[in-house]
Each structure stands twice: as structure tokens, then as C-alpha cells.
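The file structure18.cif contains mmCIF, C-alpha atoms:
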data_protein
loop_
_atom_site.group_PDB
_atom_site.id
_atom_site.type_symbol
_atom_site.label_atom_id
_atom_site.label_comp_id
_atom_site.auth_asym_id
_atom_site.auth_seq_id
_atom_site.Cartn_x
_atom_site.Cartn_y
_atom_site.Cartn_z
ATOM 1 C CA MET H 1 -48.000 42.390 121.467
ATOM 2 C CA PHE H 2 -51.011 40.880 119.725
ATOM 3 C CA SER H 3 -53.979 43.224 119.470
ATOM 4 C CA LEU H 4 -57.514 42.382 118.439
ATOM 5 C CA HIS H 5 -58.757 43.897 115.204
ATOM 6 C CA ASP H 6 -62.317 45.143 114.836
ATOM 7 C CA LEU H 7 -63.075 42.133 112.646
ATOM 8 C CA HIS H 8 -62.032 39.834 115.501
ATOM 9 C CA TRP H 9 -64.595 41.412 117.819
ATOM 10 C CA ILE H 10 -67.323 41.226 115.171
ATOM 11 C CA ALA H 11 -66.534 37.586 114.411
ATOM 12 C CA ALA H 12 -66.603 36.728 118.124
ATOM 13 C CA ILE H 13 -70.091 38.194 118.468
ATOM 14 C CA LEU H 14 -71.360 36.539 115.299
ATOM 15 C CA ASN H 15 -70.196 33.169 116.591
ATOM 16 C CA PRO H 16 -73.108 31.927 118.728
ATOM 17 C CA HIS H 17 -70.719 30.193 121.145
ATOM 18 C CA THR H 18 -68.854 33.403 122.016
ATOM 19 C CA ARG H 19 -71.526 36.038 121.377
ATOM 20 C CA MET H 20 -71.742 37.168 125.029
ATOM 21 C CA LEU H 21 -67.982 37.945 125.273
ATOM 22 C CA LYS H 22 -67.811 36.641 128.834
ATOM 23 C CA HIS H 23 -64.052 37.159 129.153
ATOM 24 C CA ALA H 24 -64.116 40.728 127.832
ATOM 25 C CA THR H 25 -64.378 43.863 129.925
ATOM 26 C CA ASP H 26 -67.474 46.045 129.900
ATOM 27 C CA VAL H 27 -65.696 48.631 127.771
ATOM 28 C CA GLU H 28 -64.538 46.027 125.251
ATOM 29 C CA ARG H 29 -67.992 44.465 125.128
ATOM 30 C CA ALA H 30 -69.688 47.817 124.519
ATOM 31 C CA HIS H 31 -67.137 48.633 121.819
ATOM 32 C CA ALA H 32 -67.723 45.283 120.100
ATOM 33 C CA TYR H 33 -71.504 45.678 120.144
ATOM 34 C CA CYS H 34 -71.115 49.177 118.722
ATOM 35 C CA LEU H 35 -69.012 47.783 115.870
ATOM 36 C CA VAL H 36 -71.663 45.205 115.011
ATOM 37 C CA ARG H 37 -74.479 47.762 115.100
ATOM 38 C CA ALA H 38 -72.494 50.054 112.805
ATOM 39 C CA ARG H 39 -71.908 47.235 110.318
ATOM 40 C CA ILE H 40 -75.589 46.268 110.374
ATOM 41 C CA ALA H 41 -76.640 49.876 109.812
ATOM 42 C CA LYS H 42 -74.242 50.135 106.879
ATOM 43 C CA LEU H 43 -75.739 47.024 105.293
ATOM 44 C CA MET H 44 -79.222 48.481 105.740
ATOM 45 C CA GLU H 45 -78.179 51.727 104.081
ATOM 46 C CA MET H 46 -76.664 49.861 101.140
ATOM 47 C CA SER H 47 -79.840 47.806 100.805
ATOM 48 C CA GLN H 48 -81.951 50.967 100.717
ATOM 49 C CA ILE H 49 -79.720 52.453 98.019
ATOM 50 C CA ASP H 50 -80.033 49.302 95.918
ATOM 51 C CA ASN H 51 -83.816 49.320 96.291
ATOM 52 C CA THR H 52 -83.973 52.987 95.280
ATOM 53 C CA GLU H 53 -81.905 52.329 92.168
ATOM 54 C CA GLU H 54 -84.227 49.489 91.190
ATOM 55 C CA VAL H 55 -87.259 51.768 91.511
ATOM 56 C CA LEU H 56 -85.631 54.529 89.450
ATOM 57 C CA SER H 57 -84.438 52.170 86.722
ATOM 58 C CA PRO H 58 -86.400 52.261 83.422
ATOM 59 C CA VAL H 59 -89.270 49.820 83.182
ATOM 60 C CA THR H 60 -88.819 47.132 80.567
ATOM 61 C CA THR H 61 -91.577 46.115 78.187
ATOM 62 C CA SER H 62 -91.516 42.476 79.224
ATOM 63 C CA VAL H 63 -93.701 41.727 82.191
ATOM 64 C CA THR H 64 -92.511 38.950 84.430
ATOM 65 C CA PRO H 65 -94.969 37.183 86.705
ATOM 66 C CA PRO H 66 -94.521 37.828 90.403
ATOM 67 C CA PRO H 67 -92.622 35.144 92.291
ATOM 68 C CA PRO H 68 -94.672 32.730 94.360
ATOM 69 C CA PRO H 69 -94.999 33.606 98.028
ATOM 70 C CA ARG H 70 -92.156 32.216 100.070
ATOM 71 C CA LYS H 71 -92.969 29.960 102.938
ATOM 72 C CA LYS H 72 -92.247 31.526 106.290
ATOM 73 C CA PHE H 73 -90.176 29.293 108.491
ATOM 74 C CA LYS H 74 -90.993 29.204 112.139
ATOM 75 C CA SER H 75 -88.101 29.750 114.489
ATOM 76 C CA TYR H 76 -87.579 29.848 118.191
ATOM 77 C CA THR H 77 -87.080 33.608 117.886
ATOM 78 C CA THR H 78 -90.869 34.024 117.720
ATOM 79 C CA GLN H 79 -90.796 34.094 121.508
ATOM 80 C CA PHE H 80 -89.639 37.707 121.215
ATOM 81 C CA HIS H 81 -92.463 38.833 118.923
ATOM 82 C CA ASP H 82 -95.047 40.808 120.834
ATOM 83 C CA GLU H 83 -97.911 43.161 120.036
ATOM 84 C CA THR H 84 -95.663 46.214 119.971
ATOM 85 C CA ASP H 85 -93.499 44.608 117.305
ATOM 86 C CA SER H 86 -96.479 44.010 115.015
ATOM 87 C CA SER H 87 -97.673 47.602 115.298
ATOM 88 C CA GLU H 88 -94.210 49.071 114.833
ATOM 89 C CA THR H 89 -93.429 48.934 111.141
ATOM 90 C CA ALA H 90 -89.935 48.892 109.718
ATOM 91 C CA SER H 91 -90.489 52.203 107.968
ATOM 92 C CA SER H 92 -91.194 54.009 111.233
ATOM 93 C CA MET H 93 -87.966 52.837 112.814
ATOM 94 C CA THR H 94 -84.672 54.461 112.052
ATOM 95 C CA ILE H 95 -81.798 52.396 110.746
ATOM 96 C CA ALA H 96 -79.938 52.711 114.034
ATOM 97 C CA LYS H 97 -82.930 51.467 116.037
ATOM 98 C CA ARG H 98 -83.474 48.556 113.673
ATOM 99 C CA ALA H 99 -79.812 47.589 113.921
ATOM 100 C CA ARG H 100 -79.936 47.771 117.713
ATOM 101 C CA ARG H 101 -83.161 45.754 117.804
ATOM 102 C CA GLU H 102 -81.758 43.009 115.583
ATOM 103 C CA LEU H 103 -78.656 42.681 117.743
ATOM 104 C CA GLU H 104 -80.766 42.545 120.911
ATOM 105 C CA ILE H 105 -82.916 39.751 119.480
ATOM 106 C CA TYR H 106 -79.798 37.782 118.590
ATOM 107 C CA LEU H 107 -78.253 38.202 122.049
ATOM 108 C CA GLN H 108 -81.483 37.082 123.749
ATOM 109 C CA LEU H 109 -81.927 33.931 121.687
ATOM 110 C CA ASN H 110 -82.170 30.657 123.553
ATOM 111 C CA LEU H 111 -79.846 28.399 121.575
ATOM 112 C CA THR H 112 -80.101 25.336 123.781
ATOM 113 C CA ASN H 113 -81.984 23.281 121.197
ATOM 114 C CA CYS H 114 -80.250 24.618 118.112
ATOM 115 C CA LYS H 115 -79.194 21.633 116.011
ATOM 116 C CA TYR H 116 -76.252 23.453 114.423
ATOM 117 C CA LEU H 117 -74.505 24.276 117.699
ATOM 118 C CA ASN H 118 -73.554 20.886 119.055
ATOM 119 C CA GLU H 119 -70.160 19.235 119.338
ATOM 120 C CA ASP H 120 -70.487 17.382 116.030
ATOM 121 C CA ILE H 121 -71.474 20.433 113.964
ATOM 122 C CA ASP H 122 -69.664 23.646 114.815
ATOM 123 C CA ASN H 123 -70.198 25.860 111.789
ATOM 124 C CA PRO H 124 -71.595 29.368 112.402
ATOM 125 C CA LEU H 125 -72.576 29.695 108.737
ATOM 126 C CA LEU H 126 -75.094 26.874 109.101
ATOM 127 C CA PHE H 127 -76.614 28.673 112.064
ATOM 128 C CA TRP H 128 -76.899 31.939 110.137
ATOM 129 C CA LYS H 129 -78.367 30.121 107.152
ATOM 130 C CA GLU H 130 -81.201 29.063 109.437
ATOM 131 C CA GLN H 131 -81.618 32.596 110.822
ATOM 132 C CA GLU H 132 -81.553 34.540 107.549
ATOM 133 C CA HIS H 133 -85.353 34.994 107.618
ATOM 134 C CA VAL H 134 -85.402 36.238 111.213
ATOM 135 C CA LEU H 135 -82.130 38.189 111.333
ATOM 136 C CA PRO H 136 -81.517 39.039 107.672
ATOM 137 C CA ASN H 137 -78.962 41.803 108.136
ATOM 138 C CA MET H 138 -76.880 39.982 110.724
ATOM 139 C CA SER H 139 -77.005 36.912 108.512
ATOM 140 C CA ARG H 140 -75.557 38.925 105.621
ATOM 141 C CA LEU H 141 -72.882 40.339 107.905
ATOM 142 C CA ALA H 142 -71.959 36.867 109.169
ATOM 143 C CA LYS H 143 -71.566 35.595 105.615
ATOM 144 C CA GLN H 144 -69.228 38.487 104.834
ATOM 145 C CA ILE H 145 -67.112 38.051 107.964
ATOM 146 C CA PHE H 146 -66.805 34.263 107.972
ATOM 147 C CA ALA H 147 -66.077 34.198 104.242
ATOM 148 C CA ILE H 148 -62.699 35.870 104.872
ATOM 149 C CA PRO H 149 -60.081 33.146 104.317
ATOM 150 C CA ALA H 150 -57.503 32.563 107.015
ATOM 151 C CA SER H 151 -54.168 33.057 105.287
ATOM 152 C CA SER H 152 -50.556 32.903 106.424
ATOM 153 C CA ALA H 153 -49.149 34.389 103.219
ATOM 154 C CA ALA H 154 -47.612 37.393 104.987
ATOM 155 C CA VAL H 155 -45.778 35.174 107.477
ATOM 156 C CA GLU H 156 -44.583 32.879 104.706
ATOM 157 C CA ARG H 157 -43.218 35.841 102.742
ATOM 158 C CA ALA H 158 -41.341 37.050 105.832
ATOM 159 C CA PHE H 159 -39.758 33.625 106.371
ATOM 160 C CA SER H 160 -38.852 33.429 102.694
ATOM 161 C CA SER H 161 -37.103 36.806 102.836
ATOM 162 C CA ALA H 162 -35.283 35.807 106.007
ATOM 163 C CA GLY H 163 -34.160 32.578 104.355
ATOM 164 C CA ILE H 164 -32.615 34.549 101.509
ATOM 165 C CA VAL H 165 -30.791 36.898 103.880
ATOM 166 C CA VAL H 166 -29.513 34.282 106.333
ATOM 167 C CA SER H 167 -27.418 32.003 104.162
ATOM 168 C CA GLN H 168 -24.835 29.397 105.156
ATOM 169 C CA ARG H 169 -22.109 32.047 105.095
ATOM 170 C CA ARG H 170 -24.088 34.460 107.276
ATOM 171 C CA THR H 171 -25.271 32.245 110.108
ATOM 172 C CA SER H 172 -23.813 34.516 112.802
ATOM 173 C CA ILE H 173 -25.770 37.578 111.724
ATOM 174 C CA SER H 174 -27.797 39.179 114.528
ATOM 175 C CA PRO H 175 -31.624 39.215 114.454
ATOM 176 C CA SER H 176 -31.720 43.019 114.451
ATOM 177 C CA THR H 177 -29.491 43.120 111.371
ATOM 178 C CA VAL H 178 -31.710 40.575 109.626
ATOM 179 C CA ASN H 179 -34.720 42.724 110.444
ATOM 180 C CA ASP H 180 -33.024 45.837 109.038
ATOM 181 C CA ILE H 181 -31.997 44.064 105.832
ATOM 182 C CA ILE H 182 -35.511 42.714 105.258
ATOM 183 C CA LEU H 183 -36.943 46.184 105.872
ATOM 184 C CA ILE H 184 -34.565 47.763 103.350
ATOM 185 C CA ARG H 185 -35.325 45.079 100.767
ATOM 186 C CA SER H 186 -39.067 45.585 101.208
ATOM 187 C CA ALA H 187 -38.722 49.366 100.962
ATOM 188 C CA ALA H 188 -36.592 49.055 97.819
ATOM 189 C CA ALA H 189 -39.146 46.763 96.181
ATOM 190 C CA TYR H 190 -41.949 49.172 97.064
ATOM 191 C CA LEU H 191 -40.074 52.194 95.720
ATOM 192 C CA LYS H 192 -39.321 50.344 92.510
ATOM 193 C CA THR H 193 -43.025 49.965 91.737
ATOM 194 C CA HIS H 194 -44.246 53.234 93.295
ATOM 195 C CA MET H 195 -41.503 55.643 92.302
ATOM 196 C CA PHE H 196 -44.020 57.934 90.611
ATOM 197 C CA LEU H 197 -45.560 58.746 94.003
ATOM 198 C CA PHE H 198 -42.329 60.253 95.286
ATOM 199 C CA PHE H 199 -40.885 61.674 92.065
ATOM 200 C CA PRO H 200 -43.792 62.716 89.844
ATOM 201 C CA GLU H 201 -42.992 63.759 86.327
ATOM 202 C CA GLN H 202 -42.761 67.494 85.831
#

Take the structure from the file and write it as C-alpha cells.
Amino acid sequence: MFSLHDLHWIAAILNPHTRMLKHATDVERAHAYCLVRARIAKLMEMSQIDNTEEVLSPVTTSVTPPPPPRKKFKSYTTQFHDETDSSETASSMTIAKRARRELEIYLQLNLTNCKYLNEDIDNPLLFWKEQEHVLPNMSRLAKQIFAIPASSAAVERAFSSAGIVVSQRRTSISPSTVNDIILIRSAAAYLKTHMFLFFPEQ
């Protein structure tokens, strides 16, 4: 039976069309949101570590001019900015709270007028490119998830092995026997390259 991997749940939430998980149960939805918050928090922790390493690195003699100020792009997410947000700095919030807050902002977005979510353009990466200034951590997570290539290499290898086993002279072989032969062949190939794990040298 097909089972959903954690990456499937995360990708479903990061896709603006399926972010609400309408066909999922309450338990599945809570589990999926928890997975996304954990991934966001992990990205925040890694970002803090990188920033700390940059501060502790030795200062070079060459002085580079500061980069010009980047233009802030207005987005429809400004509807969620209130006075409490301006007084609550990022340093005073824990990583978990910041991750939860970023996910809540994303789930409350009104995407009716979003130009990247129509029938002609259905690419979540374009949407997250637009949101990288408002939801920076979720944008990074979306780029990581949607950059995973969809591959059928494992299925193709299985069919190739089955084609070698089931030849013209063995057309009456049962499926269970084919499965056993493929399993033995795979185990033999694995043992051939990983023999040292089972029989270490004395």
C-alpha cells in the first residue's frame, strides 16, 4: 500500500494550491504542520550558526564598502503587520515561535490576486521567489523541497532485473519466484561490495 512520506506532506503544504490540506484528517494536518515548523526551525538554527561563524572569522585587511540598501518590495502580506509585530523584535522571539509565526502568516495569505497561481502559470517556485522577502525561511525550504528531481530510476532497475530473470525459456516462472530471484541477486551484489561490514579483517 502506498504511504505518504514526510516530504510529501511538506511539499503539499508548500504548494499554495494544496496548503490547507482539505482532504486530510485533523491528525494528518497537525502532523504535516509540525513537520514544516520543524524544518523551518532547523533552517533558522543553521542560519544562526553560519552568522556566528562569520562573526568569529578573522577580519581581513581589505575593507569592502557596504552593499547598497535593498529595495523593500510591498506584498499583500502587509495586511498581517500590526503594531505588536513592530514592537516584537526577532531577537526576543524563540526559533520555535518564529517558525510558527511564519507558517501562520503563510496559511492566512489571501492568494486570490496572486499572478503566479493561475491556470497558465502553475509553478510554486515562482510564488516563493516573490515571497522570499516576506517569508524567507519558508522560501528557502520550498526551494529545497521542489528542487528534488522526480526520478523513476529505482523502478527502471527493478524492471531491468526482472527482464534478465524472465527470459524466453522461463516464461512460465511464477511471480513469487521472480521476486525471490531478484532479491537474492540484489543481496549478492550488496554483499560483494560490502563484505567488510560482515567479515571484518582480524

Considering all atoms listed in the file, return as a VMD selection string whatever protein or nucleic-acid residues lie within 12 Å of Met138 (chain H), sequence-local ones (same chain, fewer than 2 positions apart) excluded. chain H and resid 10 to 11 13 to 16 36 to 44 98 to 107 124 to 125 127 to 136 140 to 146

Would you mind reading off the distance between CA of Thr25 (chain H) and CA of Leu109 (chain H), one decimal, in Å?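 For CA of Thr25 (chain H) relative to CA of Leu109 (chain H), the distance reads 21.8 Å.
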
Between CA of Lys115 (chain H) and CA of His17 (chain H), measure the distance and give it in Å to one decimal.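 Taking CA of Lys115 (chain H) as the start and CA of His17 (chain H) as the end point, the length is 13.1 Å.
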
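Here CA of Leu126 (chain H) is placed at a distance of 15.6 Å from CA of Thr112 (chain H).
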
Here is a test: counting all atoms listed in the file, which residue of H:Thr52, H:His5, H:Gln108, H:Gly163 is nearest to Met20 (chain H)?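 Comparing H:Thr52, H:His5, H:Gln108, H:Gly163 against Met20 (chain H), the winner is H:Gln108.
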
I'd like to see the residues matched by the PyMOL selection byres ((chain H and resi 182-194) around 12) on this file, and ideally I'd get them as an NGL selection string. :H and (157-166 or 175-181 or 195-200)

Using C-alpha atoms, give me region 113-173 of chain H from the structure I just pasted, as an mmCIF file, in the first residue's frame.
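Done, and the output landed in result29.cif:
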data_model
loop_
_atom_site.group_PDB
_atom_site.id
_atom_site.type_symbol
_atom_site.label_atom_id
_atom_site.label_comp_id
_atom_site.auth_asym_id
_atom_site.auth_seq_id
_atom_site.Cartn_x
_atom_site.Cartn_y
_atom_site.Cartn_z
ATOM 1 C CA ASN H 113 -4.850 38.068 -6.882
ATOM 2 C CA CYS H 114 -1.522 36.275 -6.998
ATOM 3 C CA LYS H 115 -0.308 36.348 -10.598
ATOM 4 C CA TYR H 116 1.707 33.137 -10.266
ATOM 5 C CA LEU H 117 -1.227 30.957 -9.218
ATOM 6 C CA ASN H 118 -3.451 30.966 -12.266
ATOM 7 C CA GLU H 119 -4.177 28.219 -14.766
ATOM 8 C CA ASP H 120 -1.493 29.364 -17.208
ATOM 9 C CA ILE H 121 1.323 29.551 -14.643
ATOM 10 C CA ASP H 122 1.370 26.790 -12.055
ATOM 11 C CA ASN H 123 4.884 26.879 -10.643
ATOM 12 C CA PRO H 124 5.246 27.095 -6.840
ATOM 13 C CA LEU H 125 8.864 28.232 -7.179
ATOM 14 C CA LEU H 126 7.754 31.446 -8.874
ATOM 15 C CA PHE H 127 5.392 32.099 -5.989
ATOM 16 C CA TRP H 128 8.131 31.543 -3.412
ATOM 17 C CA LYS H 129 10.516 33.735 -5.382
ATOM 18 C CA GLU H 130 8.034 36.555 -4.872
ATOM 19 C CA GLN H 131 7.658 35.769 -1.156
ATOM 20 C CA GLU H 132 11.336 35.392 -0.242
ATOM 21 C CA HIS H 133 11.399 38.857 1.382
ATOM 22 C CA VAL H 134 8.275 38.228 3.460
ATOM 23 C CA LEU H 135 8.682 34.522 4.249
ATOM 24 C CA PRO H 136 12.435 33.987 3.891
ATOM 25 C CA ASN H 137 12.731 30.687 5.735
ATOM 26 C CA MET H 138 9.743 29.045 4.085
ATOM 27 C CA SER H 139 11.042 30.276 0.749
ATOM 28 C CA ARG H 140 14.368 28.533 1.389
ATOM 29 C CA LEU H 141 12.546 25.375 2.432
ATOM 30 C CA ALA H 142 10.388 25.443 -0.705
ATOM 31 C CA LYS H 143 13.464 25.749 -2.906
ATOM 32 C CA GLN H 144 14.995 22.720 -1.197
ATOM 33 C CA ILE H 145 11.860 20.583 -1.453
ATOM 34 C CA PHE H 146 10.825 21.436 -5.009
ATOM 35 C CA ALA H 147 14.398 21.074 -6.257
ATOM 36 C CA ILE H 148 14.238 17.309 -5.626
ATOM 37 C CA PRO H 149 14.030 15.692 -9.080
ATOM 38 C CA ALA H 150 11.270 13.196 -9.726
ATOM 39 C CA SER H 151 13.060 10.023 -10.765
ATOM 40 C CA SER H 152 11.918 6.545 -11.744
ATOM 41 C CA ALA H 153 15.403 5.026 -11.653
ATOM 42 C CA ALA H 154 14.512 2.512 -8.934
ATOM 43 C CA VAL H 155 11.510 1.234 -10.895
ATOM 44 C CA GLU H 156 13.554 1.024 -14.082
ATOM 45 C CA ARG H 157 16.244 -1.005 -12.308
ATOM 46 C CA ALA H 158 13.594 -3.410 -10.995
ATOM 47 C CA PHE H 159 12.144 -3.922 -14.483
ATOM 48 C CA SER H 160 15.630 -4.417 -15.893
ATOM 49 C CA SER H 161 16.404 -7.111 -13.319
ATOM 50 C CA ALA H 162 13.077 -8.801 -13.985
ATOM 51 C CA GLY H 163 13.792 -8.754 -17.715
ATOM 52 C CA ILE H 164 17.062 -10.581 -17.131
ATOM 53 C CA VAL H 165 15.413 -13.219 -14.944
ATOM 54 C CA VAL H 166 12.340 -13.846 -17.104
ATOM 55 C CA SER H 167 13.810 -14.966 -20.403
ATOM 56 C CA GLN H 168 12.142 -16.714 -23.339
ATOM 57 C CA ARG H 169 12.913 -20.098 -21.787
ATOM 58 C CA ARG H 170 11.471 -19.130 -18.399
ATOM 59 C CA THR H 171 8.147 -17.573 -19.323
ATOM 60 C CA SER H 172 6.165 -19.867 -17.011
ATOM 61 C CA ILE H 173 8.035 -18.845 -13.876
#
